[in-house]
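This is coords.txt (compact mmCIF, C-alpha atoms).
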```
# COMPACT_ATOMS: atom_id res chain seq x y z
CA MET A 1 -26.43 -44.10 12.04
CA SER A 2 -27.12 -41.63 9.26
CA LEU A 3 -28.28 -39.07 11.86
CA LEU A 4 -25.01 -39.45 13.78
CA ARG A 5 -23.01 -39.11 10.58
CA SER A 6 -24.96 -35.99 9.70
CA ILE A 7 -24.27 -34.45 13.11
CA LEU A 8 -20.54 -35.22 12.91
CA PHE A 9 -19.77 -34.37 9.30
CA GLU A 10 -22.32 -31.77 8.20
CA ASN A 11 -20.56 -28.41 7.73
CA ILE A 12 -17.31 -30.06 8.81
CA GLY A 13 -15.24 -27.13 7.51
CA LEU A 14 -17.07 -24.58 9.65
CA LYS A 15 -16.84 -26.84 12.69
CA LEU A 16 -13.07 -27.22 12.29
CA ILE A 17 -12.64 -23.45 11.91
CA ALA A 18 -14.71 -22.86 15.06
CA LEU A 19 -12.65 -25.44 16.95
CA LEU A 20 -9.42 -23.82 15.80
CA MET A 21 -10.60 -20.35 16.82
CA ALA A 22 -11.63 -21.64 20.25
CA LEU A 23 -8.19 -23.23 20.65
CA LEU A 24 -6.45 -19.96 19.68
CA VAL A 25 -8.55 -17.98 22.16
CA TYR A 26 -7.69 -20.48 24.90
CA LEU A 27 -3.96 -20.39 24.08
CA ASN A 28 -3.95 -16.58 24.03
CA ALA A 29 -5.62 -16.44 27.42
CA TYR A 30 -3.32 -19.14 28.82
CA THR A 31 -0.10 -17.49 27.63
CA ASP A 32 -1.18 -14.15 29.13
CA ARG A 33 -0.88 -15.72 32.57
CA SER A 34 2.16 -14.91 34.71
CA GLY A 35 4.85 -17.53 35.11
CA SER A 36 8.57 -18.08 35.67
CA GLN A 37 11.15 -19.89 33.58
CA VAL A 38 14.87 -20.62 33.72
CA LEU A 39 16.67 -19.33 30.60
CA SER A 40 20.28 -19.44 29.42
CA PHE A 41 22.07 -16.49 27.83
CA PRO A 42 25.13 -17.43 25.71
CA VAL A 43 28.10 -15.14 26.31
CA VAL A 44 29.38 -13.25 23.23
CA ILE A 45 32.74 -11.45 23.41
CA GLU A 46 32.85 -8.06 21.67
CA GLY A 47 35.62 -5.56 20.88
CA LEU A 48 38.62 -7.90 20.76
CA PRO A 49 41.36 -6.46 18.48
CA ASP A 50 42.42 -8.56 15.46
CA SER A 51 45.93 -8.89 16.93
CA LEU A 52 44.60 -10.76 19.98
CA ALA A 53 42.75 -14.04 20.48
CA LEU A 54 40.89 -15.68 23.32
CA TYR A 55 42.53 -18.71 24.87
CA GLY A 56 41.22 -21.60 26.95
CA PRO A 57 37.68 -22.83 27.64
CA ARG A 58 34.72 -20.89 26.28
CA PRO A 59 32.63 -19.10 28.93
CA GLU A 60 29.53 -20.93 30.06
CA PRO A 61 26.10 -19.41 29.35
CA VAL A 62 24.69 -17.27 32.15
CA VAL A 63 21.55 -18.84 33.62
CA ALA A 64 18.75 -16.88 35.28
CA GLU A 65 15.18 -17.42 36.42
CA LEU A 66 12.86 -14.83 34.87
CA ARG A 67 9.25 -13.86 35.58
CA GLY A 68 6.75 -12.51 33.07
CA THR A 69 3.79 -13.67 31.05
CA ILE A 70 4.16 -17.10 29.49
CA LYS A 71 3.86 -15.45 26.08
CA GLN A 72 6.78 -13.10 26.82
CA LEU A 73 8.95 -15.92 28.15
CA ILE A 74 8.28 -18.10 25.11
CA ARG A 75 9.13 -15.19 22.78
CA LEU A 76 12.33 -14.51 24.72
CA ARG A 77 13.42 -18.15 24.50
CA LEU A 78 12.77 -18.23 20.74
CA ASN A 79 14.79 -15.01 20.20
CA GLU A 80 17.80 -16.50 22.07
CA PRO A 81 19.29 -13.16 23.22
CA LYS A 82 23.05 -13.08 23.80
CA LEU A 83 24.86 -11.54 26.76
CA GLU A 84 27.55 -9.29 25.25
CA VAL A 85 30.78 -8.75 27.17
CA SER A 86 33.16 -6.08 25.86
CA VAL A 87 36.92 -6.56 26.06
CA ALA A 88 37.76 -3.40 24.11
CA GLY A 89 41.09 -1.91 25.18
CA VAL A 90 42.34 -4.94 27.09
CA GLY A 91 45.75 -6.57 26.64
CA THR A 92 47.07 -10.10 26.99
CA GLY A 93 46.55 -11.99 30.22
CA ARG A 94 43.62 -12.78 32.46
CA PHE A 95 40.33 -10.89 32.09
CA GLU A 96 37.45 -11.03 34.57
CA ARG A 97 34.06 -9.38 34.43
CA ALA A 98 31.39 -9.66 37.15
CA ILE A 99 27.85 -10.37 35.92
CA ALA A 100 24.85 -8.81 37.64
CA GLU A 101 21.11 -8.82 36.93
CA PRO A 102 21.18 -5.53 34.93
CA ASP A 103 23.65 -7.12 32.48
CA LEU A 104 21.05 -9.61 31.21
CA PRO A 105 19.77 -8.63 27.73
CA ILE A 106 16.14 -8.04 28.72
CA GLY A 107 16.22 -4.26 29.27
CA SER A 108 13.80 -3.40 26.44
CA LEU A 109 11.29 -6.11 27.37
CA THR A 110 8.69 -4.55 29.63
CA GLY A 111 7.01 -6.80 32.13
CA ILE A 112 9.91 -9.26 32.49
CA SER A 113 11.84 -9.29 35.75
CA VAL A 114 14.76 -11.33 37.09
CA GLU A 115 13.73 -13.61 39.93
CA ARG A 116 17.28 -14.78 40.59
CA LEU A 117 20.61 -14.94 38.82
CA ILE A 118 21.71 -18.56 39.00
CA GLY A 119 25.17 -18.04 37.51
CA PRO A 120 27.94 -18.03 36.70
CA ARG A 121 28.37 -14.56 38.18
CA MET A 122 31.84 -14.06 36.71
CA VAL A 123 33.08 -14.30 33.11
CA GLN A 124 36.73 -15.34 33.11
CA LEU A 125 38.86 -15.25 29.95
CA GLN A 126 42.47 -15.68 28.94
CA ILE A 127 43.71 -13.38 26.16
CA ASP A 128 46.75 -14.18 24.04
CA HIS A 129 48.46 -12.83 20.94
CA ARG A 130 46.95 -14.12 17.69
CA GLY A 131 49.14 -16.11 15.31
CA GLN A 132 48.99 -18.36 12.24
CA ARG A 133 50.60 -21.70 11.39
CA HIS A 134 50.35 -24.26 8.59
CA ILE A 135 49.41 -27.49 10.39
CA PRO A 136 49.91 -30.95 8.75
CA LEU A 137 46.82 -33.13 8.32
CA ALA A 138 46.26 -36.79 9.18
CA ALA A 139 43.66 -38.77 7.23
CA ARG A 140 41.45 -41.34 8.92
CA VAL A 141 40.04 -44.18 6.80
CA THR A 142 37.55 -46.66 8.25
CA GLY A 143 35.96 -49.85 6.94
CA ALA A 144 37.06 -52.31 4.28
CA PRO A 145 36.52 -52.25 0.50
CA ALA A 146 34.68 -54.95 -1.41
CA ALA A 147 36.05 -58.48 -1.53
CA GLY A 148 39.11 -58.78 -3.74
CA MET A 149 39.87 -55.04 -3.43
CA GLU A 150 42.32 -53.11 -1.26
CA ALA A 151 42.73 -49.45 -0.27
CA GLY A 152 45.80 -47.42 -1.14
CA GLU A 153 47.26 -44.52 0.81
CA ALA A 154 44.89 -41.57 1.19
CA ILE A 155 45.67 -38.46 -0.86
CA LEU A 156 44.94 -35.08 0.76
CA LEU A 157 44.36 -31.81 -1.08
CA PRO A 158 45.69 -29.68 0.56
CA ARG A 159 48.03 -31.50 2.94
CA THR A 160 48.10 -28.64 5.48
CA LEU A 161 45.62 -26.09 6.81
CA LEU A 162 46.37 -22.51 7.80
CA VAL A 163 45.20 -22.33 11.42
CA SER A 164 44.66 -18.98 13.12
CA GLY A 165 44.24 -18.57 16.85
CA PRO A 166 45.99 -17.96 20.17
CA MET A 167 49.74 -18.52 20.04
CA LYS A 168 49.65 -20.90 23.03
CA SER A 169 47.20 -23.22 21.24
CA LEU A 170 49.16 -23.12 17.98
CA ALA A 171 52.38 -24.03 19.80
CA ASP A 172 50.77 -27.27 21.03
CA LEU A 173 49.47 -28.33 17.58
CA ASP A 174 51.50 -31.05 15.82
CA SER A 175 48.78 -32.19 13.41
CA LEU A 176 45.05 -32.16 12.81
CA VAL A 177 43.08 -35.38 12.45
CA LEU A 178 40.40 -35.25 9.76
CA ALA A 179 36.91 -36.68 10.10
CA PRO A 180 36.81 -40.34 8.97
CA VAL A 181 36.30 -41.39 5.36
CA HIS A 182 34.24 -44.60 5.10
CA ILE A 183 35.20 -47.09 2.35
CA ASP A 184 32.95 -50.06 3.26
CA GLY A 185 32.10 -52.15 0.18
CA HIS A 186 33.63 -49.74 -2.36
CA ARG A 187 35.19 -50.99 -5.60
CA ASP A 188 36.46 -47.65 -6.91
CA THR A 189 38.31 -44.59 -5.64
CA VAL A 190 36.46 -42.92 -2.76
CA ARG A 191 36.29 -39.13 -2.83
CA ALA A 192 35.13 -37.06 0.15
CA GLN A 193 35.14 -33.52 1.50
CA VAL A 194 35.96 -33.59 5.22
CA SER A 195 36.95 -31.14 7.92
CA PRO A 196 39.22 -31.44 10.98
CA GLN A 197 37.58 -33.53 13.67
CA THR A 198 38.61 -31.10 16.41
CA LEU A 199 40.16 -27.67 16.57
CA PRO A 200 41.37 -26.01 19.76
CA PRO A 201 38.91 -23.45 21.19
CA TRP A 202 39.00 -20.05 19.47
CA CYS A 203 40.93 -21.42 16.46
CA THR A 204 39.82 -21.34 12.82
CA ALA A 205 41.22 -23.17 9.79
CA VAL A 206 41.46 -22.26 6.10
CA PRO A 207 40.21 -23.91 3.98
CA ALA A 208 37.35 -25.28 6.07
CA ASN A 209 37.24 -28.60 4.15
CA VAL A 210 39.85 -30.94 2.70
CA HIS A 211 39.46 -33.09 -0.42
CA VAL A 212 40.40 -36.71 0.39
CA LEU A 213 40.90 -39.44 -2.22
CA VAL A 214 41.27 -43.08 -1.18
CA PRO A 215 42.34 -45.27 -4.13
CA ILE A 216 40.60 -48.67 -4.28
CA VAL A 217 42.40 -51.22 -6.46
CA ARG A 218 42.02 -54.92 -7.20
CA ILE A 219 44.32 -57.22 -5.24
CA THR A 220 46.97 -58.65 -7.51
CA PRO A 221 47.26 -62.47 -7.19
```

Show this structure as structure tokens.
Amino acid sequence: MSLLRSILFENIGLKLIALLMALLVYLNAYTDRSGSQVLSFPVVIEGLPDSLALYGPRPEPVVAELRGTIKQLIRLRLNEPKLEVSVAGVGTGRFERAIAEPDLPIGSLTGISVERLIGPRMVQLQIDHRGQRHIPLAARVTGAPAAGMEAGEAILLPRTLLVSGPMKSLADLDSLVLAPVHIDGHRDTVRAQVSPQTLPPWCTAVPANVHVLVPIVRITP
């Protein structure tokens, strides 16, 4: 037993280092092999004037099957390159741009080739005038306070948000529902910083968060 223990644990540090080095050599050799992988390239819109805004659904990522060494493909996935589409000089209305293999952001990466472009092969956008509106807020309170306590009306600071985005989206906005404030078991005023639960695509709101106070008071007999 002592002989076995000696074989296993004598110079354990050197043995672990040797094992680690062997593993690194194996991984380096393995990742130098050729392989293929399906990767997604998120679409980023460039060159849109401040007076205009995109409208409607966001474009889907462009998907392609690439070939290269496993090491190159792993590095490419970790870098998450974006496919840039320029809309400089365009006006309002419908915009379309065909996507081909040379558009994929892999030009500077030697040794990587495109096996096939899966799609979509067309980026379609709607462009509208940009506007701003103060939109009223609606609080959402969930749960119940502690026994013998009741919740008062929620107080919002501020009560509206300045929303910027395409005019068509702003015209359809009556109010913004805030993320829920949970009051389960509370005996005192609940304070929370929350943001709108949903905003239309391509819209932003200022400020980003709203201060919500929910008074918790004792039930009067």

Which polymer residues have any atom within 7 Å of an atom of A:Leu157, counting all atoms listed in the file, with same-chain residues fewer than 5 positions away left out, as an mmCIF file with C-alpha atoms, in the coordinates of the input?
```
data_model
loop_
_atom_site.group_PDB
_atom_site.id
_atom_site.type_symbol
_atom_site.label_atom_id
_atom_site.label_comp_id
_atom_site.auth_asym_id
_atom_site.auth_seq_id
_atom_site.Cartn_x
_atom_site.Cartn_y
_atom_site.Cartn_z
ATOM 1 C CA VAL A 210 39.850 -30.940 2.700
ATOM 2 C CA HIS A 211 39.460 -33.090 -0.420
ATOM 3 C CA VAL A 212 40.400 -36.710 0.390
#
```

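The gap separating atom CA of A:Glu96 from atom CA of A:Val38 is 24.5 Å, in Å to one decimal.
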
Next on the checklist: Would you pick out the contacts of stretch 68-81 of chain A at 8 Å or less, using all atoms listed in the file, so that residues sharing its chain but fewer than 6 positions from it are not included, and give the list as a list in words?
Outcome noted: Tyr30, Thr31, Asp32, Arg33, Ser34, Gly35, Ser36, Gln37, Leu39, Phe41, Pro42, Pro105, Gly111, Ile112 and Ser113 of chain A

Calculate, to one decimal in Å, the centre and edge lengths of the box along x, y and z of the file that holds all listed atoms of stretch 181-186 of chain A with 3 Å of margin on each side, and present them as JSON.
```
{"center_x": 34.2, "center_y": -46.8, "center_z": 1.5, "size_x": 10.2, "size_y": 16.8, "size_z": 13.7}
```

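Within the 6 Å cut-off around stretch 184-196 of chain A, using all atoms listed in the file and omitting residues fewer than 2 positions from it on the same chain, the listed residues are Gly143, Ala144, Pro145, Ala146, Val177, Leu178, Ala179, His182, Thr198, Asn209, Val210, His211, Val212, Leu213, Val214, Pro215 and Ile216 of chain A.
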
Checklist entry - For A:Arg97, which residue among A:Leu52, A:Val43, A:Pro136, A:Gly131 is the nearest when counting only C-alpha atoms? => result A:Val43

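Atom pair atom CA of A:Pro57 / atom CA of A:Arg94: separated by 12.6 Å.
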
Checklist entry - Just how far from atom CA of A:Ala138 is atom CA of A:Ala151, in Å to one decimal? => result 16.2 Å

Item to check | Contact residues around A:Trp202 with all atoms listed in the file at 8 Å, ignoring same-chain residues under 5 positions, as a ChimeraX atom specification | outcome: /A:53-56,165-166

Checklist entry - Can you tell me, as a list in words, which residues sit within 10 Å of (15.8, -8.2, 37.1) in the file's frame, using all atoms listed in the file? => result Ala64, Glu65, Leu66, Arg67, Ala100, Glu101, Pro102, Asp103, Leu104, Ile106, Gly107, Ile112, Ser113, Val114, Glu115, Arg116 and Leu117 of chain A

Checklist outcome for this item: Using all atoms listed in the file, the shortest atom-to-atom distance to A:His134 among A:Ala205, A:Pro180, A:Pro120, A:Val85 belongs to A:Ala205

Item to check | Selection: 9 Å around stretch 44-49 of chain A, only C-alpha atoms, excl. self and same-chain fewer than 5 positions, as a ChimeraX atom specification | outcome: /A:54,59,82-90

Write the residues you've just listed into a file as a compact mmCIF listing (two decimals), in the frame of the given file, and include C-alpha atoms for each of them.
```txt
# COMPACT_ATOMS: atom_id res chain seq x y z
CA LEU A 54 40.89 -15.68 23.32
CA PRO A 59 32.63 -19.10 28.93
CA LYS A 82 23.05 -13.08 23.80
CA LEU A 83 24.86 -11.54 26.76
CA GLU A 84 27.55 -9.29 25.25
CA VAL A 85 30.78 -8.75 27.17
CA SER A 86 33.16 -6.08 25.86
CA VAL A 87 36.92 -6.56 26.06
CA ALA A 88 37.76 -3.40 24.11
CA GLY A 89 41.09 -1.91 25.18
CA VAL A 90 42.34 -4.94 27.09
```

Checklist entry - Looking at all atoms listed in the file, which of A:Val63, A:Ala139, A:Ile183, A:Ala98 is the one that sits closest to A:Leu125? => result A:Ala98

Checklist entry - Which is closer to A:Ser169 than all the others in A:Thr142, A:Ser40, A:Ser51, A:Gln126, using all atoms listed in the file? => result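 The closest residue to A:Ser169 is A:Gln126.
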
Item to check | A:Asp50, A:Val62, A:Gly152, A:Pro158 ranked by distance to A:Ile127, top pick (using only C-alpha atoms) | outcome: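 Between A:Asp50, A:Val62, A:Gly152, A:Pro158, the residue approaching A:Ile127 most closely is A:Asp50.
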
Next on the checklist: Let me make sure I understand: among A:Pro201, A:Val141, A:Arg130, A:Ser164, which one has the smallest atom-to-atom distance to A:Arg58 if we use only C-alpha atoms?
Outcome noted: A:Pro201
